[in-house]
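Notes to accompany the following structure.
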Amino acid sequence: MGVSTRLKQEAADNGMFQLDQIRAPPRVVTVPVGPGENGKALYIHGQDTRQAAEQLHNLYGYSVLVSDVISLDRKIPDQRDTLCLQEDYPDDLPQVSVVMIFYNEALSVVLRSVHSVMNQSPPHLIREILLVDDFSDKPDLAFPLESHISTNTKLRDKVKILRNTKREGLIRSRLKGVQQAQGPAVVFLDSHIECTPGWLEPLLARIRDNNSTVACPVIDQIDTKTFAYEQPNYLAGGFSWDLTFIWINVNKEEMARRKSAIDPLRCPVMAGGLFAIYKDYFQHIGAYDPAMEIYGGENVEMSFRVWQCGGRIETVLCSHVGHIERTAKPYLSFRSDDTKDIDIEVNKVRAAEVWMDQYKRYLYGRKPYLKNISYGDISERQALRKRLGCKSFQWYLENVYPDRLEQTVESGFYRAWGELRNVQTGLCLDHIDGQGVGLWDCHGHGGPQL
Ligand code: UDP
Ligand code: MN
């Protein structure tokens, strides 16, 4: 082996960039790194492969082919603001049970999520990782998942798989995970995430500082097509009047309240997939509404509840976790189009009926047909609200989410809110296909008739 080759080999063995000193002028020898390494994009070449990739992408909501060739241990560069590196975290941070639920995800995506938790967390802080399988029917997620974990010395002592015997949905699957959790703290994570250096300590420091805290990381984006790792445009969440989660800009008051650029941000509504909380506090504040089905609305409900009942929800800016925002949800597609949102809608109505007081009329104004759907028994949730002595929705709007309060009849922003129906003809004012305003059958779906 020549000197130059040997040096390059050494560089390769060290896995880093090194100066090649043999030739003048010196130049940087880049040692080939794995696909997608350092959070870089990976592109698929070749017509056939691209087509195959697209099919899988449609099925899973992300490119399984791309995920399958990227290392389960790929490195993601440190995403933190340099100010974060000067932070000192207490030695006695609480131990964590990570609860990660999944339904029909790609094996490599789930495994990369698990690996990244183990790779990026101080081992002594991870009590266990509880993987809850919500009755997936993908063979990959049965034996291959189990054998990967049981044969991996880093994983087998800490990772446990719990399996539902029927489909329970996100809410009851997480509840099942928490029941088994042994750590004083619980961190909920989706099963398509990647943790980055230092992600865990700032979350735990925040809940340790005040145990009625829900601490959320900054949710970075992992591209569904290339798995490129990118920072997001938004840091806090809110809701629109149909109770859909939306990303929001941080307002001036919140910016002024904070002393440093890395102070946690108050977050009116959390995205819901990724957060740290004390197990005791999670139970005390009413966990989740177990009558909620499949997916959605539970994050809005929990956000109202935590704020109204004396807690706080924050985005912790020194904690970064990447998340794949799927382009398709495999679990909604098994229904016909008419009913595919029905679970989410019931969840939203339950949230509105329990927490929103007179402001629930904005949900019904936006979606009048929801007035007539049956949403089951909410008496236990109402009793919870009473027992905890929670504040009104008005208080929440005034103190936590004034930007939403601004867009109400109460604030004078609207004169009225809802559909405008002619009682004689039964027709509604409608904004018809860009032709201006006319009369049309009332459809009760809000939209252009709102
Ligand atoms: N999930 C589940 N059962 C369901 C629906 C979702 O276990 O019925 C899991 C899913 O695999 C994911 C998490 O719940 O790990 C959150 O779902 P998703 O990522 O689709 O929600 P999003 O992040 O898009 O809001
Ligand atoms: Mn997700």
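FYI, nothing fancy with the structure tokens labels: chains A, B, ... in order, residues from 1 per chain, ligands from 1 as they appear.
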Q. When DSSP works through the backbone of this structure, what residues of stretch 129-258 of chain A end up as alpha helix (DSSP H), shown as a ChimeraX atom specification?
A. /A:143-150,169-180,200-209,252-257
Please tabulate, as a tab-separated table, the residues of chain A that come within 9 Å of ligand 2, each with its closest pair of atoms and the distance in Å to one decimal, counting only C-alpha atoms and all ligand atoms and ordering rows by chain, then residue number upward.
residue	atom	partner	partner_atom_place_in_ligand_line	distance
A:Leu189	CA	ligand 2	1 (Mn)	8.4
A:Asp190	CA	ligand 2	1 (Mn)	5.3
A:Ser191	CA	ligand 2	1 (Mn)	7.1
A:His192	CA	ligand 2	1 (Mn)	6.4
A:Ile193	CA	ligand 2	1 (Mn)	7.9
A:Gly272	CA	ligand 2	1 (Mn)	8.9
A:Gly273	CA	ligand 2	1 (Mn)	6.1
A:Leu274	CA	ligand 2	1 (Mn)	8.6
A:His323	CA	ligand 2	1 (Mn)	6.5
A:Ile324	CA	ligand 2	1 (Mn)	6.2
A:Glu325	CA	ligand 2	1 (Mn)	5.7
A:Arg326	CA	ligand 2	1 (Mn)	6.8
**Q.** Residue with smallest distance to A:Leu59 - pool A:Asn104, A:Thr165, A:Gln283, A:Gln95, counting only C-alpha atoms
**A.**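 Using only C-alpha atoms, the shortest distance to A:Leu59 belongs to A:Asn104.
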Q: Could you jot down the atom CA of A:Tyr375 to atom CA of A:Thr244 separation for me, Å, one decimal place?
A: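 About the pair atom CA of A:Tyr375 and atom CA of A:Thr244: they are 17.5 Å apart.
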Q: Could you tell me which of A:Asp68, A:Arg206, A:Met292, A:Pro330 comes closest to A:Lys138 if we count only C-alpha atoms?
A: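 Using only C-alpha atoms, the shortest distance to A:Lys138 belongs to A:Pro330.
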Q: Compute the set of protein, DNA and RNA residues whose minimum atom distance to ligand 1 is at most 10 Å, using only C-alpha atoms and all ligand atoms, and state it as a PyMOL selection string.
A: chain A and resi 60-61+99-106+110+131-136+164+167-174+188-193+245+271-274+293-297+299+323-332
Q.
Taking only C-alpha atoms into account, name the residue in A:Leu370, A:Cys428, A:Cys442, A:Met356 that is nearest to A:Trp395.
A.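 Looking at the shortest contact to A:Trp395, the residue is A:Met356.
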Q: Could you please determine the separation between atom CA of A:Arg266 and atom CA of A:Pro217 in Å, to one decimal place?
A: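 Going from atom CA of A:Arg266 over to atom CA of A:Pro217, I get 12.1 Å.
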Q) Which polymer residues have any atom within 9 Å of an atom of A:Ile277, counting only C-alpha atoms, with same-chain residues fewer than 6 positions away left out, as a PyMOL selection string? A) chain A and resi 184-188+203-204+207+211-215
Q.
I'd like the contact shell of A:Ala352 - 9 Å cut-off, only C-alpha atoms, skipping same-chain residues fewer than 3 positions apart - returned as a list in words.
A.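 Non-adjacent residues within range: Leu243, Glu301, Asn347, Lys348, Val349, Trp355, Met356, Asp357, Tyr359, Lys360, Arg361 and Leu363 of chain A.
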Q: Just list the residues in stretch 115-334 of chain A DSSP gives strand (DSSP E or B) on the backbone, as a count of residues only.
A: 60
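Here the question is which of A:Pro448, A:Pro202, A:Pro232, A:Gly376 gets nearest to A:Leu85 using only C-alpha atoms, and that residue is A:Pro202.
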Q) Near A:Gly198, within 9 Å and counting only C-alpha atoms, which residues show up once chain neighbours fewer than 4 positions away are dropped, as a VMD selection string? A) chain A and resid 78 80 85 120 to 122 202 318 to 320
Export all heavy atoms of the chosen residues as a JSON list (two decimals), in the first residue's frame?
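Result file out12.json:
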[["chain", "number", "residue", "atom", "x", "y", "z"],
["A", 78, "ASP", "N", -25.68, 18.44, 14.99],
["A", 78, "ASP", "CA", -26.25, 19.14, 16.14],
["A", 78, "ASP", "C", -27.10, 20.31, 15.64],
["A", 78, "ASP", "O", -26.63, 21.13, 14.86],
["A", 78, "ASP", "CB", -25.09, 19.65, 17.00],
["A", 78, "ASP", "CG", -25.53, 20.01, 18.40],
["A", 78, "ASP", "OD1", -26.70, 20.44, 18.55],
["A", 78, "ASP", "OD2", -24.72, 19.88, 19.33],
["A", 80, "ARG", "N", -28.67, 22.50, 17.64],
["A", 80, "ARG", "CA", -28.92, 23.49, 18.69],
["A", 80, "ARG", "C", -28.29, 24.84, 18.43],
["A", 80, "ARG", "O", -27.22, 24.94, 17.83],
["A", 80, "ARG", "CB", -28.41, 22.96, 20.04],
["A", 80, "ARG", "CG", -29.19, 21.81, 20.57],
["A", 80, "ARG", "CD", -28.52, 21.18, 21.75],
["A", 80, "ARG", "NE", -27.27, 20.50, 21.40],
["A", 80, "ARG", "CZ", -26.52, 19.85, 22.26],
["A", 80, "ARG", "NH1", -26.85, 19.81, 23.54],
["A", 80, "ARG", "NH2", -25.41, 19.24, 21.87],
["A", 85, "LEU", "N", -25.37, 25.24, 24.22],
["A", 85, "LEU", "CA", -24.21, 24.46, 24.62],
["A", 85, "LEU", "C", -23.63, 24.94, 25.94],
["A", 85, "LEU", "O", -22.86, 24.24, 26.59],
["A", 85, "LEU", "CB", -23.14, 24.49, 23.52],
["A", 85, "LEU", "CG", -23.63, 24.06, 22.13],
["A", 85, "LEU", "CD1", -22.54, 24.17, 21.09],
["A", 85, "LEU", "CD2", -24.19, 22.63, 22.18],
["A", 120, "GLN", "N", -28.67, 8.89, 20.98],
["A", 120, "GLN", "CA", -28.58, 10.32, 21.32],
["A", 120, "GLN", "C", -28.93, 10.64, 22.77],
["A", 120, "GLN", "O", -29.00, 11.81, 23.13],
["A", 120, "GLN", "CB", -29.50, 11.14, 20.39],
["A", 120, "GLN", "CG", -29.20, 11.00, 18.91],
["A", 120, "GLN", "CD", -27.81, 11.50, 18.54],
["A", 120, "GLN", "OE1", -27.10, 12.11, 19.35],
["A", 120, "GLN", "NE2", -27.40, 11.24, 17.31],
["A", 121, "SER", "N", -29.18, 9.61, 23.57],
["A", 121, "SER", "CA", -29.57, 9.90, 24.96],
["A", 121, "SER", "C", -28.51, 9.35, 25.90],
["A", 121, "SER", "O", -27.95, 8.29, 25.66],
["A", 121, "SER", "CB", -30.90, 9.23, 25.30],
["A", 121, "SER", "OG", -31.83, 9.40, 24.26],
["A", 122, "PRO", "N", -28.27, 10.05, 27.03],
["A", 122, "PRO", "CA", -27.39, 9.47, 28.05],
["A", 122, "PRO", "C", -28.04, 8.17, 28.54],
["A", 122, "PRO", "O", -29.20, 8.18, 28.96],
["A", 122, "PRO", "CB", -27.41, 10.52, 29.17],
["A", 122, "PRO", "CG", -27.94, 11.77, 28.55],
["A", 122, "PRO", "CD", -28.81, 11.36, 27.41],
["A", 202, "PRO", "N", -32.68, 18.95, 27.98],
["A", 202, "PRO", "CA", -33.46, 20.19, 28.19],
["A", 202, "PRO", "C", -34.95, 19.93, 28.43],
["A", 202, "PRO", "O", -35.59, 20.67, 29.18],
["A", 202, "PRO", "CB", -33.26, 20.98, 26.90],
["A", 202, "PRO", "CG", -32.54, 20.11, 25.95],
["A", 202, "PRO", "CD", -31.97, 18.95, 26.70],
["A", 318, "CYS", "N", -33.97, 24.21, 22.96],
["A", 318, "CYS", "CA", -32.67, 23.51, 22.88],
["A", 318, "CYS", "C", -32.84, 22.02, 22.58],
["A", 318, "CYS", "O", -31.86, 21.29, 22.53],
["A", 318, "CYS", "CB", -31.89, 23.71, 24.17],
["A", 318, "CYS", "SG", -31.29, 25.41, 24.34],
["A", 319, "SER", "N", -34.05, 21.57, 22.42],
["A", 319, "SER", "CA", -34.29, 20.16, 22.12],
["A", 319, "SER", "C", -34.84, 20.01, 20.71],
["A", 319, "SER", "O", -35.87, 20.57, 20.37],
["A", 319, "SER", "CB", -35.30, 19.59, 23.14],
["A", 319, "SER", "OG", -35.70, 18.29, 22.77],
["A", 320, "HIS", "N", -34.12, 19.25, 19.89],
["A", 320, "HIS", "CA", -34.55, 19.06, 18.50],
["A", 320, "HIS", "C", -34.78, 17.59, 18.17],
["A", 320, "HIS", "O", -33.89, 16.76, 18.35],
["A", 320, "HIS", "CB", -33.49, 19.60, 17.54],
["A", 320, "HIS", "CG", -33.49, 21.09, 17.41],
["A", 320, "HIS", "ND1", -34.09, 21.74, 16.36],
["A", 320, "HIS", "CD2", -33.00, 22.05, 18.23],
["A", 320, "HIS", "CE1", -33.95, 23.05, 16.52],
["A", 320, "HIS", "NE2", -33.28, 23.26, 17.65]]
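Among the candidates A:Gln231, A:Pro90, A:Pro290, A:Gly311, the residue lying nearest to A:Lys176 is A:Pro290 (atoms considered: only C-alpha atoms).
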Q.
Between atom CA of A:Glu380 and atom CA of A:Phe393, what distance in Å does the model show, to one decimal?
A.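 These atoms are spaced 18.5 Å apart.
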Can you list, as an mmCIF file with C-alpha atoms, in the first residue's frame, every protein, DNA or RNA residue that comes within 8 Å of A:Ile126 when you count only C-alpha atoms, leaving out same-chain residues fewer than 6 positions away?
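After the write, out12.cif holds the following:
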data_model
loop_
_atom_site.group_PDB
_atom_site.id
_atom_site.type_symbol
_atom_site.label_atom_id
_atom_site.label_comp_id
_atom_site.auth_asym_id
_atom_site.auth_seq_id
_atom_site.Cartn_x
_atom_site.Cartn_y
_atom_site.Cartn_z
ATOM 1 C CA GLN A 95 -35.415 8.658 34.305
ATOM 2 C CA VAL A 96 -37.559 8.204 31.254
ATOM 3 C CA SER A 97 -39.842 5.600 29.786
ATOM 4 C CA VAL A 98 -40.127 6.334 26.083
ATOM 5 C CA MET A 118 -30.530 5.061 22.194
ATOM 6 C CA LYS A 158 -34.241 -1.754 27.285
#
